[in-house]
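Q: Here you go, coords.txt (compact mmCIF, C-alpha atoms):
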# COMPACT_ATOMS: atom_id res chain seq x y z
CA MET A 16 103.86 130.08 121.73
CA THR A 17 105.39 126.96 123.23
CA LYS A 18 108.49 125.13 122.09
CA ASP A 19 106.27 122.53 120.42
CA ASN A 20 105.68 125.02 117.59
CA CYS A 21 102.26 125.80 116.16
CA ILE A 22 99.66 123.09 116.73
CA LEU A 23 99.78 122.46 113.01
CA GLY A 24 102.15 123.48 110.26
CA THR A 25 101.25 125.15 107.00
CA LEU A 26 97.95 123.81 105.73
CA GLY A 27 97.68 121.99 102.47
CA HIS A 28 101.21 120.87 101.56
CA ARG A 29 103.53 118.06 102.48
CA ALA A 30 106.39 118.83 104.86
CA SER A 31 109.77 118.74 103.15
CA LYS A 32 113.07 117.82 104.81
CA LYS A 33 113.95 121.52 104.84
CA GLU A 34 110.69 122.34 106.61
CA ILE A 35 111.20 119.54 109.12
CA ASN A 36 114.62 120.95 109.97
CA ALA A 37 113.06 124.39 110.29
CA ASP A 38 110.55 122.93 112.74
CA GLN A 39 113.43 121.56 114.80
CA ASP A 40 115.07 124.99 114.88
CA SER A 41 111.82 126.56 116.03
CA VAL A 42 111.66 124.11 118.93
CA GLN A 43 115.10 125.19 120.09
CA ASN A 44 114.51 128.88 119.31
CA PRO A 45 110.77 129.54 119.68
CA SER A 46 109.47 132.49 117.70
CA SER A 47 106.23 134.42 118.07
CA TRP A 48 102.98 132.84 116.99
CA ASP A 49 102.61 132.87 113.22
CA GLN A 50 98.99 132.63 112.12
CA ASP A 51 100.06 131.68 108.60
CA ARG A 52 101.42 128.42 110.04
CA CYS A 53 98.56 127.62 112.39
CA LEU A 54 95.85 125.02 112.22
CA PHE A 55 93.23 127.03 110.43
CA ALA A 56 95.28 129.19 108.09
CA SER A 57 93.64 130.51 104.96
CA LEU A 58 92.80 127.85 102.41
CA GLY A 59 93.81 130.11 99.55
CA GLN A 60 90.27 130.98 98.57
CA LYS A 61 88.17 134.07 99.13
CA LEU A 62 86.11 133.70 102.29
CA SER A 63 82.89 135.38 103.25
CA ARG A 64 82.99 137.75 106.19
CA SER A 65 81.37 135.13 108.42
CA GLU A 66 83.81 132.42 107.27
CA GLN A 67 86.76 134.73 107.87
CA LYS A 68 85.57 135.46 111.41
CA ARG A 69 85.15 131.73 112.02
CA ASN A 70 88.72 131.16 110.83
CA ASP A 71 89.99 133.99 113.02
CA ILE A 72 88.24 132.46 116.02
CA ARG A 73 89.70 129.04 115.34
CA ASN A 74 93.17 130.52 114.83
CA ALA A 75 92.92 132.35 118.13
CA ALA A 76 91.51 129.32 119.95
CA SER A 77 94.36 127.15 118.68
CA GLU A 78 96.92 129.61 120.03
CA ILE A 79 95.21 130.05 123.39
CA PHE A 80 94.69 126.32 123.93
CA ILE A 81 98.22 125.35 122.93
CA THR A 82 99.98 128.09 124.90
CA GLN A 83 97.79 128.30 128.00
CA GLY A 84 96.08 124.93 128.27
CA PHE A 85 92.38 124.14 128.35
CA GLU A 86 91.58 125.32 131.87
CA ALA A 87 93.29 128.70 131.54
CA ALA A 88 91.76 129.33 128.13
CA SER A 89 88.59 131.42 128.09
CA MET A 90 86.17 132.61 125.48
CA ASP A 91 87.05 136.19 126.49
CA LYS A 92 90.72 135.60 125.67
CA ILE A 93 89.86 133.88 122.41
CA ALA A 94 87.51 136.68 121.39
CA ALA A 95 90.09 139.36 122.21
CA LEU A 96 92.81 137.61 120.20
CA ALA A 97 90.44 137.01 117.28
CA GLY A 98 89.35 140.64 117.30
CA VAL A 99 85.66 139.80 117.68
CA SER A 100 83.09 140.01 120.44
CA LYS A 101 82.49 137.11 122.80
CA ARG A 102 78.97 136.97 121.45
CA THR A 103 80.38 136.34 117.97
CA VAL A 104 82.50 133.48 119.33
CA TYR A 105 79.44 131.86 120.88
CA SER A 106 77.45 132.33 117.68
CA HIS A 107 80.00 130.17 115.85
CA PHE A 108 80.88 127.76 118.67
CA GLY A 109 78.42 127.09 121.46
CA SER A 110 81.00 126.51 124.18
CA LYS A 111 84.69 126.29 124.93
CA GLU A 112 84.34 122.53 124.98
CA GLU A 113 82.84 122.51 121.47
CA LEU A 114 85.60 124.77 120.16
CA PHE A 115 88.30 122.58 121.68
CA ALA A 116 86.68 119.43 120.28
CA HIS A 117 86.66 121.07 116.85
CA THR A 118 90.36 121.86 117.23
CA ILE A 119 91.17 118.23 118.08
CA THR A 120 89.22 116.83 115.12
CA ASN A 121 90.89 119.19 112.67
CA PHE A 122 94.29 118.51 114.18
CA CYS A 123 93.95 114.81 113.44
CA ASP A 124 92.47 115.20 109.97
CA LEU A 125 94.76 117.94 108.69
CA LYS A 126 98.02 116.55 110.08
CA ARG A 127 97.32 113.17 108.53
CA GLU A 128 96.78 114.84 105.16
CA GLU A 129 99.41 117.56 105.40
CA LEU A 130 102.26 115.27 106.43
CA ASP A 131 100.86 112.37 104.41
CA VAL A 132 101.14 110.00 107.37
CA LYS A 133 99.81 107.06 105.38
CA PRO A 134 101.43 103.98 103.84
CA ASN A 135 102.96 104.48 100.41
CA HIS A 136 101.63 101.52 98.42
CA ASN A 137 104.26 102.02 95.72
CA LEU A 138 107.14 101.10 98.03
CA PRO A 139 108.32 97.67 99.20
CA LEU A 140 107.10 96.75 102.69
CA LYS A 141 110.23 97.66 104.64
CA GLU A 142 110.77 100.96 102.82
CA CYS A 143 107.11 101.84 103.27
CA LEU A 144 107.27 101.27 107.03
CA VAL A 145 110.46 103.30 107.33
CA GLU A 146 108.90 106.23 105.46
CA LEU A 147 105.67 105.97 107.46
CA GLY A 148 107.50 105.74 110.77
CA THR A 149 109.67 108.74 109.98
CA LYS A 150 106.70 110.92 109.10
CA PHE A 151 104.87 109.72 112.21
CA LEU A 152 107.70 110.59 114.59
CA HIS A 153 108.24 114.00 113.00
CA MET A 154 104.55 114.68 113.50
CA LEU A 155 104.74 113.63 117.15
CA HIS A 156 107.78 115.71 118.01
CA TYR A 157 107.57 118.77 115.77
CA HIS A 158 103.94 119.56 115.00
CA GLY A 159 102.22 120.35 118.28
CA SER A 160 101.38 116.85 119.43
CA VAL A 161 103.32 117.11 122.69
CA SER A 162 101.40 120.18 123.85
CA LEU A 163 98.06 118.71 122.76
CA PHE A 164 98.77 115.42 124.53
CA ARG A 165 99.61 117.26 127.74
CA ILE A 166 96.30 119.10 127.62
CA LEU A 167 94.38 115.87 127.05
CA ILE A 168 96.21 114.12 129.89
CA SER A 169 95.50 117.02 132.26
CA GLN A 170 91.78 116.63 131.52
CA ALA A 171 91.63 112.85 131.61
CA GLU A 172 90.28 112.51 135.16
CA THR A 173 87.80 115.38 135.11
CA ASP A 174 86.62 115.25 131.49
CA PRO A 175 87.94 112.37 129.40
CA SER A 176 85.56 113.12 126.50
CA HIS A 177 88.16 115.13 124.57
CA GLY A 178 90.74 112.38 124.95
CA ILE A 179 88.21 109.81 123.80
CA GLU A 180 87.39 111.91 120.75
CA PHE A 181 91.07 112.33 119.97
CA MET A 182 91.65 108.58 120.15
CA LYS A 183 88.76 108.06 117.72
CA GLN A 184 89.80 110.74 115.26
CA GLY A 185 93.56 110.19 115.45
CA PRO A 186 95.11 106.87 116.56
CA LYS A 187 92.08 104.75 115.65
CA ILE A 188 91.94 105.99 112.06
CA SER A 189 95.72 105.78 111.63
CA ARG A 190 95.67 102.22 112.94
CA GLU A 191 92.88 101.25 110.55
CA ILE A 192 94.69 102.80 107.56
CA LEU A 193 97.83 100.80 108.37
CA ALA A 194 95.76 97.66 108.98
CA ALA A 195 94.21 97.95 105.51
CA TYR A 196 97.71 98.18 104.03
CA LEU A 197 98.83 95.10 105.97
CA GLU A 198 95.76 93.22 104.76
CA GLU A 199 96.82 93.96 101.19
CA LYS A 200 100.24 92.52 101.93
CA MET A 201 98.57 89.45 103.40
CA ALA A 202 96.47 89.02 100.27
CA ASP A 203 99.63 89.30 98.17
CA GLY A 204 101.24 86.55 100.22
CA GLU A 205 104.03 88.80 101.54
CA ILE A 206 103.19 88.53 105.23
CA ASP A 207 101.22 86.27 107.56
CA ILE A 208 99.68 87.93 110.61
CA ALA A 209 96.71 87.03 112.78
CA ASP A 210 95.26 90.48 113.44
CA PRO A 211 96.09 93.45 111.15
CA ILE A 212 94.52 95.98 113.54
CA GLU A 213 96.55 94.79 116.52
CA THR A 214 99.68 94.54 114.38
CA GLY A 215 99.24 98.12 113.18
CA GLN A 216 98.74 99.28 116.76
CA SER A 217 101.91 97.46 117.79
CA PHE A 218 103.90 99.28 115.12
CA TYR A 219 102.83 102.73 116.31
CA SER A 220 103.27 101.75 119.96
CA MET A 221 106.85 100.70 119.26
CA LEU A 222 107.54 104.06 117.63
CA PHE A 223 106.27 106.02 120.63
CA GLY A 224 108.76 104.32 122.94
CA ALA A 225 110.47 105.74 126.00
CA ARG A 226 111.94 108.74 124.14
CA TYR A 227 108.55 110.30 123.48
CA LEU A 228 107.42 109.66 127.05
CA ASP A 229 110.52 111.48 128.27
CA CYS A 230 109.69 114.49 126.07
CA LEU A 231 106.07 114.39 127.16
CA VAL A 232 106.53 114.36 130.93
CA THR A 233 109.92 116.01 131.48
CA GLY A 234 110.15 118.56 128.67
CA ALA A 235 113.25 116.86 127.28
CA PRO A 236 114.29 118.11 123.82
CA PRO A 237 112.97 116.14 120.86
CA PRO A 238 115.24 113.80 118.93
CA SER A 239 117.09 115.23 115.97
CA PRO A 240 116.15 114.09 112.46
CA GLU A 241 119.18 111.80 112.54
CA GLU A 242 118.06 110.29 115.85
CA ILE A 243 114.56 109.82 114.47
CA ASP A 244 116.01 107.95 111.50
CA ALA A 245 117.88 105.64 113.88
CA ILE A 246 114.79 105.04 116.02
CA VAL A 247 112.68 104.22 112.98
CA ASP A 248 115.27 101.91 111.42
CA SER A 249 115.64 99.84 114.59
CA THR A 250 111.87 99.78 115.18
CA VAL A 251 111.10 98.58 111.65
CA GLU A 252 113.84 95.96 111.93
CA ARG A 253 112.32 94.56 115.15
CA PHE A 254 108.79 94.86 113.80
CA ILE A 255 109.52 92.86 110.65
CA TYR A 256 112.05 90.34 111.92
CA GLY A 257 111.37 90.21 115.66
CA LEU A 258 113.99 89.35 118.23
CA LYS A 259 116.76 87.05 117.16
CA VAL A 260 116.83 84.65 120.09
CA LYS A 261 120.03 82.67 120.40
CA THR A 262 119.70 79.09 121.56
CA LYS A 263 122.16 77.78 124.08
CA LYS A 264 124.47 75.10 122.80
Could you express the structure from this file as structure tokens?
A:
Amino acid sequence: MTKDNCILGTLGHRASKKEINADQDSVQNPSSWDQDRCLFASLGQKLSRSEQKRNDIRNAASEIFITQGFEAASMDKIAALAGVSKRTVYSHFGSKEELFAHTITNFCDLKREELDVKPNHNLPLKECLVELGTKFLHMLHYHGSVSLFRILISQAETDPSHGIEFMKQGPKISREILAAYLEEKMADGEIDIADPIETGQSFYSMLFGARYLDCLVTGAPPPSPEEIDAIVDSTVERFIYGLKVKTKK
């Protein structure tokens, strides 16, 4: 297991501050892979034998992809870790590419729901953006995104299809959700913007910043929760109020 922790945290509940801190500790002190915290952990219902095998395969695939990368991953390794035959793997997923694509789609869907990375319509604009930005940065740094991004980048020249699918299932949907929220604020007369989609994209782009790029390409440690708070506060301030340009007297 890499320092980025499991590709996804516990399925089906919102991450608390305590859990976020625990994620930070796991980055600094990686533990062994914990299937109960992986992408396709049990949904708390009784599964058929076939469904259980499918879950086991997806659990194993998530671990192999995230720890070894796409190229080094093989259906033989995934089958061995899942405790099934390679034939069983192929009966559920036709190829390694299909299995990886399935992992990407579920990553985007489940992380958005699990961490609730969506605008809170009950909060004032500034507070909503601060909460949203904080959740977004915790997801980027502590929930497997770094490792997944590295895999997608490594494949970009030879097979960009997975990266394209990720952009459709992840950033595009997140941008549209934020744009819909901004449109509501426009309708309420709170803000005046020309393009909600572009404005939403700008907000997320500002949050990524140089710090995430440093973590992505150099393996630098992620920011602490306190540093994330500072990054988000300054980003929201610039996003809402822009630069305060001083005129020369």
Q: Under the rule that only C-alpha atoms are counted, which of A:Leu152, A:Ser89, A:Gln216, A:Val99 is the nearest residue to Asp71 in chain A?
A: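 That would be A:Val99, the residue with the smallest distance to Asp71 in chain A.
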Q: Give me the residues within 10 Å of Arg226 in chain A as a list in words, counting all atoms listed in the file and dropping any in the same chain fewer than 6 places off.
A: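 Counting only the stated atoms, we get Ala235, Pro236, Pro237, Pro238 and Ile246 of chain A.
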Q: Between A:Ala76, A:His136, A:Lys141, A:Tyr227, which has the minimum distance to Ser110 in chain A (counting all atoms listed in the file)?
A: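 Answer, going by the shortest atom-to-atom distance: A:Ala76.
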Q: How big is the axis-aligned box around the listed atoms of range 88-96 of chain A once 6 Å is added on each side, and where is its centre? Give both in Å to one decimal, as lines of an AutoDock Vina configuration file.
A:
center_x = 89.5
center_y = 134.3
center_z = 124.2
size_x = 18.6
size_y = 22.0
size_z = 19.9
Q: Suppose you want the space between CA of Lys92 in chain A and CA of Ile72 in chain A; what is it in Å?
A: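 CA of Ile72 in chain A lies 10.4 Å from CA of Lys92 in chain A.
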Q: Using Å and a single decimal, report how far CA of Glu146 in chain A sits from CA of Leu228 in chain A.
A: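 Separation of CA of Leu228 in chain A and CA of Glu146 in chain A: 21.9 Å.
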Q: Might you pull out every residue within 9 Å of Thr250 in chain A, with all atoms listed in the file counted and same-chain residues fewer than 6 positions away left off, and present them as a PyMOL selection string?
A: chain A and resi 145+148+218+221-222
Q: In Å, how far is it from CA of Arg69 in chain A to CA of Thr103 in chain A?
A: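 Going from CA of Arg69 in chain A over to CA of Thr103 in chain A, I get 8.9 Å.
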Q: Can you work out which one of A:Pro175, A:Gly109, A:Gly84, A:Gly185 has the shortest atom-to-atom distance to Cys123 in chain A, counting all atoms listed in the file?
A: A:Gly185
Q: Can you tell me, as a ChimeraX atom specification, which residues sit within 12 Å of (88.6, 131.7, 114.4) in the file's frame, using only C-alpha atoms?
A: /A:50,53-57,64-79,90,93-101,103-108,114-115,117-118
Q: Just checking: using all atoms listed in the file, which residue out of A:Ile192, A:Leu138, A:Glu112, A:Leu258 ends up closest to Asp174 in chain A?
A: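 Of all the options, A:Glu112 lies closest to Asp174 in chain A.
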Q: Taking 2 positions as the minimum chain separation for residues in the same chain, which residues sit within 10 Å of Ile119 in chain A when counting all atoms listed in the file? Answer as a PyMOL selection string.
A: chain A and resi 22+77+113-117+121-124+163+167+177-178+180-182+184-185
Q: Considering all atoms listed in the file, can you say which of A:Ile208, A:Phe151, A:Thr120, A:Lys200 comes closest to Ser220 in chain A?
A: A:Phe151
Q: Would you mind telling me which residue in A:Ile212, A:Cys230, A:Ile255, A:Leu140 lies nearest to Ile188 in chain A when using all atoms listed in the file?
A: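 Ranking A:Ile212, A:Cys230, A:Ile255, A:Leu140 by distance to Ile188 in chain A, first place goes to A:Ile212.
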